[in-house]
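First comes the structure, then the notes that go with it.
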Number of protein chains: 2
Amino acid sequence: MGKHVQIGLIQMSCSSDKQANLDKTIGKIREAAAQGAQIICLQELFSSLYFCWEESYDNFSLAETVPGSTTSRFQELARELGVVLISSLFEKRAQGVYHNTAAVIDADGTFLGKYRKHHIPDDPGYYEKFYFAPGDDGYQVFETQFAKVGILICWDQWYPEAARITSLKGAEILFYPTAIGWALSQDEETNRQQYQAWQAVHLGHSVANGVYVVAVNRTGREGAMNFWGGSFVSGPMGDILYQAPHHNEVIHVQELDLSRIDEIRVHWPFLRDRRIDSYKPILRRYIDK
Amino acid sequence: MGKHVQIGLIQMSCSSDKQANLDKTIGKIREAAAQGAQIICLQELFSSLYFCWEESYDNFSLAETVPGSTTSRFQELARELGVVLISSLFEKRAQGVYHNTAAVIDADGTFLGKYRKHHIPDDPGYYEKFYFAPGDDGYQVFETQFAKVGILICWDQWYPEAARITSLKGAEILFYPTAIGWALSQDEETNRQQYQAWQAVHLGHSVANGVYVVAVNRTGREGAMNFWGGSFVSGPMGDILYQAPHHNEVIHVQELDLSRIDEIRVHWPFLRDRRIDSYKPILRRYIDK
């Protein structure tokens, strides 16, 4: 019984060699598929170091079109392996217009579409506003062969609005390709608190929307940043079904029972009672009076 | 340094005798004040059993006006003790118009105002739609002598929109008077999962908004329901500062450093990056296409 899907997540470290990162990733995708994964999600900007730690014009040469050479390679791979691929890419949309973009390819190799990150950080170590224009195409859900998936990217994770709208569009699973880490200067207690807060906000999305959440994070040290790995999967009651270690590369395959969403939403009918007549103030930056 | 406030929460069991519940509560308020509490929050519908377990016309006689006799008594008490009181009442607004309402009284006895519960459940054991019209005055923040507090009530807890809007109005602390429990027919694992989901969604509100959350829940068995107590306080990073036991009455006083909100929001500037241009679909019930 139930409607089962096997999702695969790949948590890894990267080098400065784009081709090497791509080859490494493809090897891990093959391994995840061999373990039975049907929908495989990669971490944010898997084909490079997390270059946004600095503001350098040279890094714009890492960008590519979407669809483009990487998605073409992934379309072949998806068709060969019969898997859905969710990949995070530095997209050049036009001269001077770049995005932090996730591409979704179906299990028959079809390019289903892309989501462009809406919430762009600018913090020490994460100078993304220098590189990425905010997405302007809205929140997206993709009907793959195995599940309806919503994609949100890293900093989007802090915004319940993004998780809500994507869920209202029918997502059964919210995938979050992510690159978040601990500055080396931080103490252990701060690190623990930050990881816990990161996980907590995701669990909140699961519970409020009755959806699965899959956060796929980078691991490994890059400069002054220790990417904290700790990728995880939560169920529609915010129950943690899997949690990866912080400092190791991981290929993990997790079975999800999508029929649980229907069951949970019948028993905890939160969507029924939303007061859509009362939410308009959420469109304001701040409510001074 | 910092801006400290002592909040008090009262988790208790109730009887069918309204006067006895009120007297018991007043005793506990005095005790909390003696322990240093400055803002004291009571559980949902503290002056009665959780009568919404059934649909009975007789129960409407429990309702009162707000302000009314209970708030008058609390105004005296607040003035005497120098404490802010947040109380949850069954309000009769007019013939045929009843609300699940929280009243806020300042430490000098001033009646500051009320919030009427927006999200009304209707589930086995919680037939609130029979009694309460949904609040129509919007989300509220009250500037008390000690802190700016937002009040939301029980079922409101599952709605990130409510927590967000109340936070955007300036709330430093979100108080949730609550009455939630385990049906006696449930198994232990279900109970554990439900409590965990309930706490998770609150922690998500703390993190997403950078606010303190104080959930004050009823305890004790009433008919086929075991109210699960487990009141708790979380900090603006979703860190649990206090958690009450499930089956005991509790008077707890917790110090909060309100200056931590400013610090957290500077370091994790989520409010800065909200994409208010992209949230309009949140005003829809569901997004079919």
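Just remember, in the structure tokens the first chain shown is A, the second B, etc., residues are 1-based per chain, and ligands are 1-based in the order shown.
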Contact residues around region 76-85 of chain A with only C-alpha atoms at 7 Å, ignoring same-chain residues under 4 positions, as a PDB file with all heavy atoms, in the first residue's frame:
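What follows is the written file part_3.pdb:
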```
ATOM      1  N   ALA A  33      21.767   5.849  -7.816  1.00  0.00           N
ATOM      2  CA  ALA A  33      20.802   5.136  -8.680  1.00  0.00           C
ATOM      3  C   ALA A  33      20.932   3.632  -8.480  1.00  0.00           C
ATOM      4  O   ALA A  33      19.930   2.910  -8.410  1.00  0.00           O
ATOM      5  CB  ALA A  33      21.022   5.518 -10.139  1.00  0.00           C
ATOM      6  N   GLN A  38      15.325   7.222  -6.969  1.00  0.00           N
ATOM      7  CA  GLN A  38      14.520   7.594  -8.137  1.00  0.00           C
ATOM      8  C   GLN A  38      14.549   9.103  -8.393  1.00  0.00           C
ATOM      9  O   GLN A  38      14.419   9.547  -9.522  1.00  0.00           O
ATOM     10  CB  GLN A  38      13.075   7.149  -7.905  1.00  0.00           C
ATOM     11  CG  GLN A  38      12.923   5.633  -7.801  1.00  0.00           C
ATOM     12  CD  GLN A  38      11.510   5.251  -7.390  1.00  0.00           C
ATOM     13  OE1 GLN A  38      11.047   5.651  -6.322  1.00  0.00           O
ATOM     14  NE2 GLN A  38      10.833   4.491  -8.223  1.00  0.00           N
ATOM     15  N   ILE A  39      14.666   9.883  -7.314  1.00  0.00           N
ATOM     16  CA  ILE A  39      14.789  11.349  -7.454  1.00  0.00           C
ATOM     17  C   ILE A  39      16.055  11.731  -6.708  1.00  0.00           C
ATOM     18  O   ILE A  39      16.155  11.515  -5.495  1.00  0.00           O
ATOM     19  CB  ILE A  39      13.596  12.090  -6.830  1.00  0.00           C
ATOM     20  CG1 ILE A  39      12.278  11.608  -7.441  1.00  0.00           C
ATOM     21  CG2 ILE A  39      13.757  13.599  -6.997  1.00  0.00           C
ATOM     22  CD1 ILE A  39      11.034  12.234  -6.795  1.00  0.00           C
ATOM     23  N   ILE A  40      17.025  12.275  -7.421  1.00  0.00           N
ATOM     24  CA  ILE A  40      18.325  12.562  -6.802  1.00  0.00           C
ATOM     25  C   ILE A  40      18.545  14.071  -6.765  1.00  0.00           C
ATOM     26  O   ILE A  40      18.411  14.754  -7.787  1.00  0.00           O
ATOM     27  CB  ILE A  40      19.461  11.871  -7.572  1.00  0.00           C
ATOM     28  CG1 ILE A  40      19.264  10.334  -7.509  1.00  0.00           C
ATOM     29  CG2 ILE A  40      20.828  12.259  -7.008  1.00  0.00           C
ATOM     30  CD1 ILE A  40      20.220   9.546  -8.382  1.00  0.00           C
ATOM     31  N   CYS A  41      18.857  14.574  -5.592  1.00  0.00           N
ATOM     32  CA  CYS A  41      19.078  16.016  -5.425  1.00  0.00           C
ATOM     33  C   CYS A  41      20.528  16.283  -5.058  1.00  0.00           C
ATOM     34  O   CYS A  41      21.090  15.638  -4.165  1.00  0.00           O
ATOM     35  CB  CYS A  41      18.157  16.553  -4.333  1.00  0.00           C
ATOM     36  SG  CYS A  41      18.298  18.344  -4.100  1.00  0.00           S
ATOM     37  N   SER A  72      22.403  19.296 -20.418  1.00  0.00           N
ATOM     38  CA  SER A  72      22.413  18.314 -21.512  1.00  0.00           C
ATOM     39  C   SER A  72      23.049  17.012 -21.055  1.00  0.00           C
ATOM     40  O   SER A  72      22.529  15.914 -21.311  1.00  0.00           O
ATOM     41  CB  SER A  72      23.201  18.852 -22.711  1.00  0.00           C
ATOM     42  OG  SER A  72      22.519  19.924 -23.287  1.00  0.00           O
ATOM     43  N   VAL A 104      15.424  20.920 -13.162  1.00  0.00           N
ATOM     44  CA  VAL A 104      14.804  19.623 -12.878  1.00  0.00           C
ATOM     45  C   VAL A 104      14.655  18.848 -14.179  1.00  0.00           C
ATOM     46  O   VAL A 104      14.061  19.331 -15.147  1.00  0.00           O
ATOM     47  CB  VAL A 104      13.424  19.798 -12.207  1.00  0.00           C
ATOM     48  CG1 VAL A 104      12.819  18.436 -11.875  1.00  0.00           C
ATOM     49  CG2 VAL A 104      13.551  20.648 -10.948  1.00  0.00           C
ATOM     50  N   ILE A 105      15.207  17.654 -14.169  1.00  0.00           N
ATOM     51  CA  ILE A 105      15.166  16.786 -15.347  1.00  0.00           C
ATOM     52  C   ILE A 105      14.425  15.511 -14.974  1.00  0.00           C
ATOM     53  O   ILE A 105      14.715  14.903 -13.944  1.00  0.00           O
ATOM     54  CB  ILE A 105      16.605  16.477 -15.823  1.00  0.00           C
ATOM     55  CG1 ILE A 105      17.238  17.788 -16.316  1.00  0.00           C
ATOM     56  CG2 ILE A 105      16.604  15.415 -16.911  1.00  0.00           C
ATOM     57  CD1 ILE A 105      18.730  17.733 -16.403  1.00  0.00           C
ATOM     58  N   ASP A 106      13.463  15.149 -15.818  1.00  0.00           N
ATOM     59  CA  ASP A 106      12.644  13.978 -15.496  1.00  0.00           C
ATOM     60  C   ASP A 106      13.401  12.679 -15.820  1.00  0.00           C
ATOM     61  O   ASP A 106      14.461  12.710 -16.464  1.00  0.00           O
ATOM     62  CB  ASP A 106      11.316  14.042 -16.267  1.00  0.00           C
ATOM     63  CG  ASP A 106      10.174  13.372 -15.502  1.00  0.00           C
ATOM     64  OD1 ASP A 106      10.443  12.704 -14.476  1.00  0.00           O
ATOM     65  OD2 ASP A 106       9.014  13.515 -15.933  1.00  0.00           O
ATOM     66  N   ALA A 107      12.824  11.581 -15.388  1.00  0.00           N
ATOM     67  CA  ALA A 107      13.509  10.286 -15.493  1.00  0.00           C
ATOM     68  C   ALA A 107      13.636   9.784 -16.935  1.00  0.00           C
ATOM     69  O   ALA A 107      14.381   8.848 -17.210  1.00  0.00           O
ATOM     70  CB  ALA A 107      12.782   9.252 -14.644  1.00  0.00           C
ATOM     71  N   ASP A 108      12.922  10.422 -17.876  1.00  0.00           N
ATOM     72  CA  ASP A 108      13.093  10.062 -19.290  1.00  0.00           C
ATOM     73  C   ASP A 108      14.023  11.044 -19.996  1.00  0.00           C
ATOM     74  O   ASP A 108      14.154  11.019 -21.218  1.00  0.00           O
ATOM     75  CB  ASP A 108      11.731  10.023 -19.996  1.00  0.00           C
ATOM     76  CG  ASP A 108      11.044  11.380 -19.991  1.00  0.00           C
ATOM     77  OD1 ASP A 108      11.615  12.347 -19.434  1.00  0.00           O
ATOM     78  OD2 ASP A 108       9.929  11.493 -20.532  1.00  0.00           O
ATOM     79  N   GLY A 109      14.634  11.927 -19.229  1.00  0.00           N
ATOM     80  CA  GLY A 109      15.585  12.873 -19.810  1.00  0.00           C
ATOM     81  C   GLY A 109      14.976  14.219 -20.189  1.00  0.00           C
ATOM     82  O   GLY A 109      15.691  15.126 -20.620  1.00  0.00           O
TER      83      GLY A 109
END
```
Residue hits in chain A, query chain B, radius 8 Å, only C-alpha atoms, as a PDB file with N, CA and C atoms, in the first residue's frame:
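Wrote out35.pdb, looks like this:
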```pdb
ATOM      1  N   HIS A 118      14.822  32.894  -4.960  1.00  0.00           N
ATOM      2  CA  HIS A 118      14.144  34.174  -4.709  1.00  0.00           C
ATOM      3  C   HIS A 118      14.825  35.008  -3.630  1.00  0.00           C
ATOM      4  N   HIS A 119      15.266  34.354  -2.571  1.00  0.00           N
ATOM      5  CA  HIS A 119      15.827  35.083  -1.423  1.00  0.00           C
ATOM      6  C   HIS A 119      17.347  34.986  -1.483  1.00  0.00           C
ATOM      7  N   ILE A 120      17.987  36.134  -1.636  1.00  0.00           N
ATOM      8  CA  ILE A 120      19.433  36.165  -1.883  1.00  0.00           C
ATOM      9  C   ILE A 120      20.136  36.779  -0.670  1.00  0.00           C
ATOM     10  N   PRO A 121      21.040  36.043  -0.055  1.00  0.00           N
ATOM     11  CA  PRO A 121      21.737  36.570   1.126  1.00  0.00           C
ATOM     12  C   PRO A 121      22.877  37.523   0.763  1.00  0.00           C
ATOM     13  N   ASP A 136      12.517  35.920 -10.563  1.00  0.00           N
ATOM     14  CA  ASP A 136      11.312  36.712 -10.823  1.00  0.00           C
ATOM     15  C   ASP A 136      10.207  35.885 -11.470  1.00  0.00           C
ATOM     16  N   GLY A 138       8.543  33.370  -9.843  1.00  0.00           N
ATOM     17  CA  GLY A 138       7.665  32.764  -8.844  1.00  0.00           C
ATOM     18  C   GLY A 138       8.161  31.401  -8.397  1.00  0.00           C
ATOM     19  N   TRP A 158      14.630  30.097   5.100  1.00  0.00           N
ATOM     20  CA  TRP A 158      14.224  30.876   6.279  1.00  0.00           C
ATOM     21  C   TRP A 158      12.872  31.520   6.100  1.00  0.00           C
ATOM     22  N   TYR A 159      12.243  31.324   4.957  1.00  0.00           N
ATOM     23  CA  TYR A 159      11.012  32.045   4.619  1.00  0.00           C
ATOM     24  C   TYR A 159       9.820  31.096   4.525  1.00  0.00           C
ATOM     25  N   PRO A 160       8.978  31.097   5.572  1.00  0.00           N
ATOM     26  CA  PRO A 160       7.791  30.225   5.542  1.00  0.00           C
ATOM     27  C   PRO A 160       6.888  30.528   4.352  1.00  0.00           C
ATOM     28  N   GLU A 161       6.926  31.764   3.879  1.00  0.00           N
ATOM     29  CA  GLU A 161       6.084  32.132   2.730  1.00  0.00           C
ATOM     30  C   GLU A 161       6.442  31.284   1.504  1.00  0.00           C
ATOM     31  N   ALA A 162       7.735  31.077   1.281  1.00  0.00           N
ATOM     32  CA  ALA A 162       8.188  30.315   0.109  1.00  0.00           C
ATOM     33  C   ALA A 162       7.760  28.857   0.216  1.00  0.00           C
ATOM     34  N   ARG A 164       5.273  27.714   1.979  1.00  0.00           N
ATOM     35  CA  ARG A 164       3.814  27.666   1.910  1.00  0.00           C
ATOM     36  C   ARG A 164       3.328  27.722   0.471  1.00  0.00           C
ATOM     37  N   ILE A 165       3.797  28.710  -0.282  1.00  0.00           N
ATOM     38  CA  ILE A 165       3.296  28.879  -1.650  1.00  0.00           C
ATOM     39  C   ILE A 165       3.664  27.665  -2.497  1.00  0.00           C
ATOM     40  N   LEU A 168       1.309  24.957  -1.571  1.00  0.00           N
ATOM     41  CA  LEU A 168      -0.038  25.206  -2.104  1.00  0.00           C
ATOM     42  C   LEU A 168      -0.115  24.901  -3.601  1.00  0.00           C
ATOM     43  N   LYS A 169       1.037  24.926  -4.263  1.00  0.00           N
ATOM     44  CA  LYS A 169       1.064  24.573  -5.688  1.00  0.00           C
ATOM     45  C   LYS A 169       1.093  23.060  -5.895  1.00  0.00           C
ATOM     46  N   GLY A 170       1.117  22.323  -4.797  1.00  0.00           N
ATOM     47  CA  GLY A 170       0.982  20.878  -4.923  1.00  0.00           C
ATOM     48  C   GLY A 170       2.233  20.057  -4.628  1.00  0.00           C
ATOM     49  N   GLN A 193      24.034  25.750  17.941  1.00  0.00           N
ATOM     50  CA  GLN A 193      22.801  26.546  17.884  1.00  0.00           C
ATOM     51  C   GLN A 193      22.388  26.836  16.444  1.00  0.00           C
ATOM     52  N   GLN A 194      23.369  27.181  15.607  1.00  0.00           N
ATOM     53  CA  GLN A 194      23.037  27.534  14.224  1.00  0.00           C
ATOM     54  C   GLN A 194      22.494  26.325  13.466  1.00  0.00           C
ATOM     55  N   GLN A 196      21.031  23.771  14.743  1.00  0.00           N
ATOM     56  CA  GLN A 196      19.723  23.437  15.322  1.00  0.00           C
ATOM     57  C   GLN A 196      18.643  24.387  14.789  1.00  0.00           C
ATOM     58  N   ALA A 197      18.969  25.674  14.676  1.00  0.00           N
ATOM     59  CA  ALA A 197      18.000  26.650  14.151  1.00  0.00           C
ATOM     60  C   ALA A 197      17.675  26.352  12.686  1.00  0.00           C
ATOM     61  N   ALA A 200      15.449  23.440  12.631  1.00  0.00           N
ATOM     62  CA  ALA A 200      14.144  23.771  13.217  1.00  0.00           C
ATOM     63  C   ALA A 200      13.233  24.466  12.205  1.00  0.00           C
ATOM     64  N   VAL A 201      13.778  25.403  11.450  1.00  0.00           N
ATOM     65  CA  VAL A 201      12.903  26.138  10.531  1.00  0.00           C
ATOM     66  C   VAL A 201      12.394  25.208   9.429  1.00  0.00           C
ATOM     67  N   HIS A 202      13.213  24.267   9.004  1.00  0.00           N
ATOM     68  CA  HIS A 202      12.780  23.267   8.019  1.00  0.00           C
ATOM     69  C   HIS A 202      11.671  22.376   8.587  1.00  0.00           C
ATOM     70  N   LEU A 203      11.848  21.933   9.831  1.00  0.00           N
ATOM     71  CA  LEU A 203      10.824  21.072  10.437  1.00  0.00           C
ATOM     72  C   LEU A 203       9.499  21.826  10.528  1.00  0.00           C
ATOM     73  N   GLY A 204       9.599  23.129  10.820  1.00  0.00           N
ATOM     74  CA  GLY A 204       8.397  23.959  10.827  1.00  0.00           C
ATOM     75  C   GLY A 204       7.684  23.936   9.476  1.00  0.00           C
ATOM     76  N   HIS A 205       8.456  24.000   8.382  1.00  0.00           N
ATOM     77  CA  HIS A 205       7.838  23.940   7.041  1.00  0.00           C
ATOM     78  C   HIS A 205       7.112  22.604   6.850  1.00  0.00           C
ATOM     79  N   VAL A 207       5.797  20.603   9.107  1.00  0.00           N
ATOM     80  CA  VAL A 207       4.588  20.501   9.926  1.00  0.00           C
ATOM     81  C   VAL A 207       3.490  21.419   9.393  1.00  0.00           C
ATOM     82  N   ALA A 208       3.837  22.675   9.147  1.00  0.00           N
ATOM     83  CA  ALA A 208       2.818  23.651   8.754  1.00  0.00           C
ATOM     84  C   ALA A 208       2.146  23.259   7.438  1.00  0.00           C
ATOM     85  N   MET A 237       5.106  15.336   9.544  1.00  0.00           N
ATOM     86  CA  MET A 237       4.867  15.781  10.921  1.00  0.00           C
ATOM     87  C   MET A 237       6.153  16.356  11.519  1.00  0.00           C
ATOM     88  N   GLY A 238       7.131  16.647  10.670  1.00  0.00           N
ATOM     89  CA  GLY A 238       8.375  17.208  11.178  1.00  0.00           C
ATOM     90  C   GLY A 238       9.250  16.164  11.870  1.00  0.00           C
ATOM     91  N   ASP A 239       8.992  14.908  11.580  1.00  0.00           N
ATOM     92  CA  ASP A 239       9.811  13.839  12.157  1.00  0.00           C
ATOM     93  C   ASP A 239      11.049  13.653  11.287  1.00  0.00           C
ATOM     94  N   PHE A 270      -4.835  21.545   8.584  1.00  0.00           N
ATOM     95  CA  PHE A 270      -4.416  22.945   8.698  1.00  0.00           C
ATOM     96  C   PHE A 270      -4.777  23.751   7.457  1.00  0.00           C
ATOM     97  N   LEU A 271      -4.672  23.128   6.294  1.00  0.00           N
ATOM     98  CA  LEU A 271      -4.925  23.892   5.066  1.00  0.00           C
ATOM     99  C   LEU A 271      -6.396  24.317   4.966  1.00  0.00           C
ATOM    100  N   ASP A 273      -8.292  25.457   7.307  1.00  0.00           N
ATOM    101  CA  ASP A 273      -8.661  26.585   8.171  1.00  0.00           C
ATOM    102  C   ASP A 273      -7.821  27.843   7.967  1.00  0.00           C
ATOM    103  N   ARG A 274      -7.038  27.880   6.895  1.00  0.00           N
ATOM    104  CA  ARG A 274      -6.248  29.085   6.651  1.00  0.00           C
ATOM    105  C   ARG A 274      -7.173  30.296   6.496  1.00  0.00           C
ATOM    106  N   ARG A 275      -6.790  31.411   7.150  1.00  0.00           N
ATOM    107  CA  ARG A 275      -7.603  32.625   7.099  1.00  0.00           C
ATOM    108  C   ARG A 275      -7.072  33.540   6.011  1.00  0.00           C
ATOM    109  N   ILE A 276      -7.318  33.125   4.748  1.00  0.00           N
ATOM    110  CA  ILE A 276      -6.729  33.851   3.632  1.00  0.00           C
ATOM    111  C   ILE A 276      -7.226  35.292   3.559  1.00  0.00           C
ATOM    112  N   ASP A 277      -8.347  35.569   4.219  1.00  0.00           N
ATOM    113  CA  ASP A 277      -8.850  36.948   4.244  1.00  0.00           C
ATOM    114  C   ASP A 277      -8.023  37.836   5.176  1.00  0.00           C
ATOM    115  N   SER A 278      -7.171  37.223   5.979  1.00  0.00           N
ATOM    116  CA  SER A 278      -6.456  37.993   7.018  1.00  0.00           C
ATOM    117  C   SER A 278      -4.949  38.122   6.767  1.00  0.00           C
ATOM    118  N   TYR A 279      -4.476  37.584   5.652  1.00  0.00           N
ATOM    119  CA  TYR A 279      -3.013  37.485   5.467  1.00  0.00           C
ATOM    120  C   TYR A 279      -2.398  38.635   4.667  1.00  0.00           C
ATOM    121  N   LYS A 280      -3.206  39.570   4.226  1.00  0.00           N
ATOM    122  CA  LYS A 280      -2.671  40.605   3.343  1.00  0.00           C
ATOM    123  C   LYS A 280      -1.490  41.383   3.937  1.00  0.00           C
ATOM    124  N   PRO A 281      -1.477  41.625   5.249  1.00  0.00           N
ATOM    125  CA  PRO A 281      -0.328  42.364   5.806  1.00  0.00           C
ATOM    126  C   PRO A 281       1.015  41.670   5.601  1.00  0.00           C
ATOM    127  N   ILE A 282       0.990  40.393   5.220  1.00  0.00           N
ATOM    128  CA  ILE A 282       2.248  39.673   4.992  1.00  0.00           C
ATOM    129  C   ILE A 282       2.973  40.224   3.761  1.00  0.00           C
ATOM    130  N   LEU A 283       2.238  40.994   2.947  1.00  0.00           N
ATOM    131  CA  LEU A 283       2.853  41.588   1.758  1.00  0.00           C
ATOM    132  C   LEU A 283       3.628  42.860   2.084  1.00  0.00           C
ATOM    133  N   ARG A 284       3.654  43.230   3.362  1.00  0.00           N
ATOM    134  CA  ARG A 284       4.395  44.438   3.740  1.00  0.00           C
ATOM    135  C   ARG A 284       5.776  44.084   4.296  1.00  0.00           C
ATOM    136  N   ARG A 285       6.705  45.026   4.147  1.00  0.00           N
ATOM    137  CA  ARG A 285       8.052  44.827   4.660  1.00  0.00           C
ATOM    138  C   ARG A 285       8.051  44.775   6.177  1.00  0.00           C
ATOM    139  N   TYR A 286       7.357  45.712   6.775  1.00  0.00           N
ATOM    140  CA  TYR A 286       7.216  45.804   8.220  1.00  0.00           C
ATOM    141  C   TYR A 286       5.946  46.601   8.464  1.00  0.00           C
ATOM    142  N   ILE A 287       5.326  46.392   9.609  1.00  0.00           N
ATOM    143  CA  ILE A 287       4.035  47.040   9.839  1.00  0.00           C
ATOM    144  C   ILE A 287       4.201  48.024  10.991  1.00  0.00           C
ATOM    145  N   ASP A 288       4.478  49.266  10.616  1.00  0.00           N
ATOM    146  CA  ASP A 288       4.825  50.260  11.627  1.00  0.00           C
ATOM    147  C   ASP A 288       3.593  50.699  12.390  1.00  0.00           C
ATOM    148  N   LYS A 289       2.485  50.787  11.691  1.00  0.00           N
ATOM    149  CA  LYS A 289       1.252  51.212  12.363  1.00  0.00           C
ATOM    150  C   LYS A 289       0.077  50.730  11.575  1.00  0.00           C
TER     151      LYS A 289
END
```
**Message:** Calculated over only C-alpha atoms, which of the candidates A:Gly113, A:Asn248, A:Leu62, A:Leu42 has the smallest distance to Ile86 (chain A)?
**Reply:**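 Going through A:Gly113, A:Asn248, A:Leu62, A:Leu42 one by one, the smallest distance to Ile86 (chain A) is for A:Leu42.
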**Request:** Pull the alpha helix (DSSP H) assignments for region 47-144 of chain B out of DSSP run on the backbone, and list those residues as a ChimeraX atom specification.
**Result:** /B:69-81
**Surrounding residues of region 225-235 of chain B excluding itself and chain neighbours under 3 positions, 8 Å, only C-alpha atoms, as a PyMOL selection string** = chain B and resi 11-12+125+179-184+195+203+206+210-222+238-248
**Prompt:** Could you pull the residues within 12 Å of Ser61 (chain A), counting only C-alpha atoms, minus those fewer than 5 positions along the same chain, as a list in words?
**Reply:** Lys18, Ser48, Phe51, Ser56, Phe90, Glu91, Lys92, Gln95, Gly96, Tyr98 and Tyr131 of chain A
**Exercise: Phe132 (chain A) partners within 8 Å, only C-alpha atoms, chain neighbours under 3 positions left out, as a PyMOL selection string** = chain A and resi 97-100+120+128-129
Please dump the current selection as a CSV table (one decimal), in the first residue's frame; keep all heavy atoms.
```csv
chain,number,residue,atom,x,y,z
A,97,VAL,N,22.8,39.5,-16.3
A,97,VAL,CA,21.7,38.9,-15.5
A,97,VAL,C,22.0,37.5,-15.2
A,97,VAL,O,21.9,36.6,-16.1
A,97,VAL,CB,20.3,39.0,-16.3
A,97,VAL,CG1,19.2,38.5,-15.4
A,97,VAL,CG2,20.0,40.5,-16.7
A,98,TYR,N,22.4,37.2,-14.0
A,98,TYR,CA,22.8,35.9,-13.5
A,98,TYR,C,21.8,35.5,-12.4
A,98,TYR,O,21.3,36.3,-11.6
A,98,TYR,CB,24.2,35.9,-13.0
A,98,TYR,CG,25.2,36.2,-14.1
A,98,TYR,CD1,25.4,37.5,-14.5
A,98,TYR,CD2,26.0,35.2,-14.6
A,98,TYR,CE1,26.4,37.8,-15.5
A,98,TYR,CE2,27.0,35.5,-15.6
A,98,TYR,CZ,27.1,36.8,-16.0
A,98,TYR,OH,28.1,37.1,-17.0
A,99,HIS,N,21.6,34.1,-12.3
A,99,HIS,CA,20.8,33.6,-11.2
A,99,HIS,C,21.4,32.4,-10.6
A,99,HIS,O,22.2,31.7,-11.1
A,99,HIS,CB,19.4,33.2,-11.8
A,99,HIS,CG,18.5,34.3,-12.3
A,99,HIS,ND1,17.9,35.1,-11.4
A,99,HIS,CD2,18.2,34.7,-13.5
A,99,HIS,CE1,17.2,36.0,-12.1
A,99,HIS,NE2,17.4,35.8,-13.4
A,100,ASN,N,20.9,32.1,-9.4
A,100,ASN,CA,21.2,30.9,-8.6
A,100,ASN,C,20.0,30.0,-8.9
A,100,ASN,O,18.9,30.2,-8.4
A,100,ASN,CB,21.4,31.2,-7.2
A,100,ASN,CG,21.8,30.1,-6.3
A,100,ASN,OD1,21.5,28.9,-6.6
A,100,ASN,ND2,22.6,30.3,-5.3
A,120,ILE,N,18.0,36.1,-1.6
A,120,ILE,CA,19.4,36.2,-1.9
A,120,ILE,C,20.1,36.8,-0.7
A,120,ILE,O,19.9,37.9,-0.3
A,120,ILE,CB,19.7,37.0,-3.1
A,120,ILE,CG1,18.9,36.6,-4.3
A,120,ILE,CG2,21.2,36.9,-3.5
A,120,ILE,CD1,19.1,35.2,-4.9
A,128,GLU,N,26.1,36.8,-2.0
A,128,GLU,CA,25.4,36.3,-3.2
A,128,GLU,C,24.7,37.5,-3.9
A,128,GLU,O,24.5,37.4,-5.1
A,128,GLU,CB,24.3,35.3,-2.8
A,128,GLU,CG,25.0,34.0,-2.3
A,128,GLU,CD,24.1,32.8,-2.2
A,128,GLU,OE1,23.0,32.9,-2.9
A,128,GLU,OE2,24.4,31.8,-1.6
A,129,LYS,N,24.4,38.6,-3.2
A,129,LYS,CA,23.8,39.7,-3.9
A,129,LYS,C,24.7,40.3,-5.0
A,129,LYS,O,24.2,40.9,-6.0
A,129,LYS,CB,23.3,40.8,-3.0
A,129,LYS,CG,22.2,40.4,-2.1
A,129,LYS,CD,21.6,41.6,-1.4
A,129,LYS,CE,20.8,41.3,-0.1
A,129,LYS,NZ,19.6,40.6,-0.3
```
